[in-house]
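**Student:** This is the structure, below, for whatever I ask next.
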Amino acid sequence: MKWFQTASLCVLLTLTGCASTSDKITQQWVYPPMAVPLQASVQQEVQIARLTQLLQRTDLKKEVRAKMLFERGNYYDSVGLRDLARLDFNQSLSLNPAQPDIFNLLGVYFTQIGEFDAAYEAFDSTLELDPSNSYAERNRSIALYYGERYDLANEEMLKHYKDDPSDPFRALWLYVIQSELTPEQAKKDLEQRYSARDEQWGWVLVAIMLGDITEEQAFKAILSGTRDNTLLAQRLTETYFYLAKRHHLAGDYANAISLYKLALSFNVYEYVEHRYSFLELGRIFEQLQAERIAQAKLKEIEQAQ
């Protein structure tokens, strides 16, 4: 989900009426459902070229140049050129520091690369300039989660959820964060929130997380209700990420790694599920590396004895 604008999509939630229990959830797909990976459009390339040409002019006012740099940075970001986007965003801020949306984006970038203190500062800057920015609130809570400040992350995400209990993504991330503190209670709370769901697409992802529908049912709903390749790529990016997160929380690293890689495969660069899949893969690698080192040290101690 791109948390810089509202994304509310409807789906066939009637499948939940014939849901099966979590112990029956199995993957029955010989090949995982896929979409054609998104590519840079002609429009995006033309806009980047046009803005680059205009920015060479020396008679631009500071406000206009700042706006153009922000626009080109957004185009760079949408095609996965994040370092170039960051350069443009920083230049834009140097000309006009009062841009909360840029600080929010930079906060997400810092979260991706594990620079959490810088991420917190960026989100704080967004909220100082725009106290009602709900995306910065959510993204800051997630940054606190990845920075392993679970109590504070849970406190902020709970407040964020209460501001709009109908948002399935708020419920999802509150569950993910709360699972680090009280796993059983987190699941009970999510089940209660799911029972009051509406027909937004994101509640299907909650159903998957809870095991209320099988993966096969979810994929059938996506494939039968989606004809546009871009929309399919977006929905599959979200689905694979939260499926990966479910396996990750259960300690099933093999499936989690495969699913995070699938979430990356569609090139939906603007979605946080794509952005944070890189971070999740890095966390799994570090965890497995630490376990191997601990096992090796234990083996050395046993041999020495």
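Following the order of the structure tokens, first chain is A, next is B, and so on, with residues numbered from 1 inside each chain and ligands from 1 in the order they appear.
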Skipping near chain neighbours, those fewer than 2 positions away, what residues fall within 9 Å of Asp101 of chain A using only C-alpha atoms, listed as a VMD selection string?
**Tutor:** chain A and resid 4 99 103 to 106 126 130 133 136
**Student:** Next, the residues of the selection above should be written as a short mmCIF file (atom, residue, chain, number, x, y, z; two decimals), in the first residue's frame with N, CA, C and O atoms.
**Tutor:**
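Saved file again35.cif follows:
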data_model
loop_
_atom_site.label_atom_id
_atom_site.label_comp_id
_atom_site.auth_asym_id
_atom_site.auth_seq_id
_atom_site.Cartn_x
_atom_site.Cartn_y
_atom_site.Cartn_z
N PHE A 4 1.05 7.43 0.92
CA PHE A 4 1.18 8.85 0.68
C PHE A 4 -0.14 9.36 0.11
O PHE A 4 -0.32 10.53 -0.12
N GLN A 99 8.37 21.29 3.77
CA GLN A 99 7.71 20.32 2.91
C GLN A 99 7.54 18.99 3.67
O GLN A 99 8.41 18.12 3.62
N PHE A 103 9.83 15.05 4.01
CA PHE A 103 10.37 14.47 5.24
C PHE A 103 9.78 13.08 5.49
O PHE A 103 10.48 12.18 5.97
N ASN A 104 8.50 12.90 5.17
CA ASN A 104 7.88 11.58 5.34
C ASN A 104 8.55 10.54 4.45
O ASN A 104 8.87 9.43 4.90
N LEU A 105 8.78 10.89 3.19
CA LEU A 105 9.45 9.98 2.27
C LEU A 105 10.88 9.67 2.73
O LEU A 105 11.32 8.51 2.70
N LEU A 106 11.59 10.70 3.16
CA LEU A 106 12.95 10.47 3.63
C LEU A 106 12.96 9.57 4.87
O LEU A 106 13.86 8.74 5.03
N THR A 126 7.99 15.99 9.77
CA THR A 126 6.72 15.97 9.06
C THR A 126 5.58 16.39 9.96
O THR A 126 4.74 17.22 9.61
N ASP A 130 3.04 19.33 9.76
CA ASP A 130 1.67 18.90 9.45
C ASP A 130 1.21 17.91 10.51
O ASP A 130 1.31 16.69 10.31
N ASN A 133 -0.83 14.65 9.69
CA ASN A 133 -0.33 13.72 8.67
C ASN A 133 -0.36 12.29 9.21
O ASN A 133 0.54 11.86 9.93
N ALA A 136 2.65 9.82 8.22
CA ALA A 136 3.87 9.96 9.01
C ALA A 136 3.71 9.30 10.37
O ALA A 136 4.66 8.70 10.90
#
**Student:** Give me, as a ChimeraX atom specification, the residues of segment 134-237 of chain A that a backbone DSSP run labels alpha helix (DSSP H).
**Tutor:** /A:134-146,150-163,168-178,183-195,202-210,215-225,229-237
**Student:** Between A:Gly73, A:Pro100, A:Pro37, A:Gly251, which is the closest to Thr237 of chain A once you count only C-alpha atoms?
**Tutor:**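 Ranked by minimum distance to Thr237 of chain A, first place goes to A:Pro37.
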**Student:** Do you know which residues are at most 12 Å from Leu38 of chain A counting only C-alpha atoms, after dropping those on the same chain fewer than 4 positions away, and could you put them as an MDAnalysis selection string?
**Tutor:** chainID A and resid 34 78:80 228:234 237 264:270
**Student:** Interatomic distance between atom CA of Ser132 of chain A and atom CA of Glu155 of chain A?
**Tutor:**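 Calculated distance between atom CA of Ser132 of chain A and atom CA of Glu155 of chain A is 17.4 Å.
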**Student:** To one decimal place in Å, what is the distance between atom CA of Ala221 of chain A and atom CA of Glu238 of chain A?
**Tutor:**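 A separation of 13.9 Å between them.
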**Student:** Set the distance at 12 Å and use only C-alpha atoms: which residues neighbour segment 110-116 of chain A once local chain neighbours fewer than 3 positions away are removed? I'd like the list as a ChimeraX atom specification.
**Tutor:** /A:82-83,86,103-107,119-123,139-149,272-283
**Student:** Could you please take those selected residues and save C-alpha atoms as a PDB file, in the first residue's frame?
**Tutor:**
ATOM      1  CA  ARG A  82      15.757   5.951  -4.906  1.00  0.00           C
ATOM      2  CA  ASP A  83      19.232   7.434  -4.554  1.00  0.00           C
ATOM      3  CA  ARG A  86      16.837  11.294  -2.376  1.00  0.00           C
ATOM      4  CA  PHE A 103      10.366  14.471   5.242  1.00  0.00           C
ATOM      5  CA  ASN A 104       7.875  11.581   5.343  1.00  0.00           C
ATOM      6  CA  LEU A 105       9.453   9.981   2.272  1.00  0.00           C
ATOM      7  CA  LEU A 106      12.955  10.473   3.634  1.00  0.00           C
ATOM      8  CA  GLY A 107      11.837   8.844   6.885  1.00  0.00           C
ATOM      9  CA  ALA A 119      13.975   8.199  10.373  1.00  0.00           C
ATOM     10  CA  TYR A 120      12.450   9.327  13.683  1.00  0.00           C
ATOM     11  CA  GLU A 121      13.766  12.864  13.118  1.00  0.00           C
ATOM     12  CA  ALA A 122      12.339  12.946   9.586  1.00  0.00           C
ATOM     13  CA  PHE A 123       8.889  11.810  10.722  1.00  0.00           C
ATOM     14  CA  ASN A 139       5.411   5.218   9.267  1.00  0.00           C
ATOM     15  CA  ARG A 140       6.999   6.464  12.507  1.00  0.00           C
ATOM     16  CA  SER A 141       5.329   3.645  14.447  1.00  0.00           C
ATOM     17  CA  ILE A 142       6.684   1.131  11.939  1.00  0.00           C
ATOM     18  CA  ALA A 143      10.158   2.675  12.168  1.00  0.00           C
ATOM     19  CA  LEU A 144       9.992   2.291  15.960  1.00  0.00           C
ATOM     20  CA  TYR A 145       8.996  -1.351  15.440  1.00  0.00           C
ATOM     21  CA  TYR A 146      11.935  -2.064  13.145  1.00  0.00           C
ATOM     22  CA  GLY A 147      14.159  -0.184  15.571  1.00  0.00           C
ATOM     23  CA  GLU A 148      12.988  -2.695  18.227  1.00  0.00           C
ATOM     24  CA  ARG A 149      11.352  -0.038  20.384  1.00  0.00           C
ATOM     25  CA  VAL A 272       5.741   0.142   1.603  1.00  0.00           C
ATOM     26  CA  GLU A 273       5.311  -3.621   1.266  1.00  0.00           C
ATOM     27  CA  HIS A 274       7.932  -3.539  -1.497  1.00  0.00           C
ATOM     28  CA  ARG A 275      10.157  -1.141   0.430  1.00  0.00           C
ATOM     29  CA  TYR A 276      10.095  -3.112   3.681  1.00  0.00           C
ATOM     30  CA  SER A 277      10.571  -6.522   2.040  1.00  0.00           C
ATOM     31  CA  PHE A 278      14.266  -5.632   1.619  1.00  0.00           C
ATOM     32  CA  LEU A 279      14.441  -4.725   5.293  1.00  0.00           C
ATOM     33  CA  GLU A 280      12.711  -7.947   6.353  1.00  0.00           C
ATOM     34  CA  LEU A 281      15.087 -10.089   4.281  1.00  0.00           C
ATOM     35  CA  GLY A 282      18.037  -8.333   5.893  1.00  0.00           C
ATOM     36  CA  ARG A 283      16.613  -8.963   9.360  1.00  0.00           C
TER      37      ARG A 283
END
**Student:** Just to confirm, what's the straight-line distance from atom CA of Tyr135 of chain A to atom CA of Glu184 of chain A in Å (one decimal)?
**Tutor:**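 Spanning atom CA of Tyr135 of chain A to atom CA of Glu184 of chain A is a straight-line distance of 27.6 Å.
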**Student:** Name the residues in contact with Ile208 of chain A at a cut-off of 10 Å, using only C-alpha atoms, excluding same-chain residues fewer than 3 positions from it; report them as a PyMOL selection string.
**Tutor:** chain A and resi 16+22+25+203-205+211-215+217-218+239+242-243+246
**Student:** Take the residues that were just selected and, keeping N, CA and C atoms, output them as a short mmCIF file (atom, residue, chain, number, x, y, z; two decimals), in the first residue's frame.
**Tutor:**
data_model
loop_
_atom_site.label_atom_id
_atom_site.label_comp_id
_atom_site.auth_asym_id
_atom_site.auth_seq_id
_atom_site.Cartn_x
_atom_site.Cartn_y
_atom_site.Cartn_z
N THR A 16 -15.00 -15.32 3.00
CA THR A 16 -14.77 -15.58 4.41
C THR A 16 -15.88 -16.39 5.03
N SER A 22 -7.01 -22.59 10.64
CA SER A 22 -5.64 -22.33 10.24
C SER A 22 -4.84 -23.60 10.00
N ILE A 25 -4.70 -24.63 6.37
CA ILE A 25 -4.15 -23.73 5.36
C ILE A 25 -2.93 -24.38 4.70
N TRP A 203 -8.98 -5.98 4.26
CA TRP A 203 -9.47 -6.96 5.23
C TRP A 203 -9.24 -8.39 4.76
N VAL A 204 -9.07 -8.58 3.45
CA VAL A 204 -8.69 -9.91 2.96
C VAL A 204 -7.30 -10.27 3.47
N LEU A 205 -6.41 -9.29 3.53
CA LEU A 205 -5.07 -9.52 4.05
C LEU A 205 -5.12 -9.86 5.54
N GLY A 211 -5.71 -16.66 9.22
CA GLY A 211 -6.05 -18.01 8.78
C GLY A 211 -7.54 -18.20 8.61
N ASP A 212 -8.28 -17.09 8.42
CA ASP A 212 -9.73 -17.18 8.28
C ASP A 212 -10.13 -17.62 6.88
N ILE A 213 -9.26 -17.41 5.91
CA ILE A 213 -9.43 -17.98 4.58
C ILE A 213 -8.10 -18.61 4.18
N THR A 214 -8.17 -19.57 3.30
CA THR A 214 -6.94 -20.22 2.86
C THR A 214 -6.21 -19.33 1.85
N GLU A 215 -4.95 -19.62 1.66
CA GLU A 215 -4.18 -18.88 0.67
C GLU A 215 -4.78 -19.08 -0.72
N GLN A 217 -7.92 -19.61 -1.50
CA GLN A 217 -9.13 -18.78 -1.63
C GLN A 217 -8.77 -17.32 -1.87
N ALA A 218 -7.75 -16.84 -1.16
CA ALA A 218 -7.34 -15.44 -1.33
C ALA A 218 -6.83 -15.18 -2.74
N THR A 239 -0.20 -8.94 -0.79
CA THR A 239 -0.53 -10.29 -0.32
C THR A 239 0.72 -11.07 0.04
N TYR A 242 2.38 -9.74 3.39
CA TYR A 242 1.74 -10.09 4.66
C TYR A 242 1.71 -11.61 4.87
N LEU A 243 1.68 -12.36 3.79
CA LEU A 243 1.86 -13.80 3.94
C LEU A 243 3.25 -14.11 4.48
N ARG A 246 3.38 -13.36 8.10
CA ARG A 246 2.75 -14.40 8.92
C ARG A 246 3.70 -15.57 9.15
#
**Student:** Counting only C-alpha atoms, what is within 8 Å of segment 52-59 of chain A, bar same-chain residues fewer than 4 positions away, as a PDB file with N, CA, C and O atoms, in the first residue's frame?
**Tutor:**
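Written output follows (selection_33.pdb):
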ATOM      1  N   ILE A  48      10.493  12.844 -16.517  1.00  0.00           N
ATOM      2  CA  ILE A  48      11.838  12.973 -15.951  1.00  0.00           C
ATOM      3  C   ILE A  48      12.732  13.783 -16.887  1.00  0.00           C
ATOM      4  O   ILE A  48      13.458  14.692 -16.452  1.00  0.00           O
ATOM      5  N   ARG A  65      11.860  25.964  -8.465  1.00  0.00           N
ATOM      6  CA  ARG A  65      12.899  24.929  -8.554  1.00  0.00           C
ATOM      7  C   ARG A  65      12.678  23.849  -7.491  1.00  0.00           C
ATOM      8  O   ARG A  65      12.833  22.656  -7.765  1.00  0.00           O
ATOM      9  N   MET A  68       9.881  21.631  -8.683  1.00  0.00           N
ATOM     10  CA  MET A  68      10.310  20.756  -9.790  1.00  0.00           C
ATOM     11  C   MET A  68      11.195  19.618  -9.290  1.00  0.00           C
ATOM     12  O   MET A  68      11.076  18.477  -9.747  1.00  0.00           O
ATOM     13  N   LEU A  69      12.089  19.924  -8.358  1.00  0.00           N
ATOM     14  CA  LEU A  69      12.948  18.880  -7.797  1.00  0.00           C
ATOM     15  C   LEU A  69      12.122  17.837  -7.054  1.00  0.00           C
ATOM     16  O   LEU A  69      12.396  16.632  -7.122  1.00  0.00           O
ATOM     17  N   ARG A  72      10.388  15.718  -9.767  1.00  0.00           N
ATOM     18  CA  ARG A  72      11.299  14.762 -10.398  1.00  0.00           C
ATOM     19  C   ARG A  72      11.701  13.668  -9.413  1.00  0.00           C
ATOM     20  O   ARG A  72      11.819  12.489  -9.781  1.00  0.00           O
TER      21      ARG A  72
END
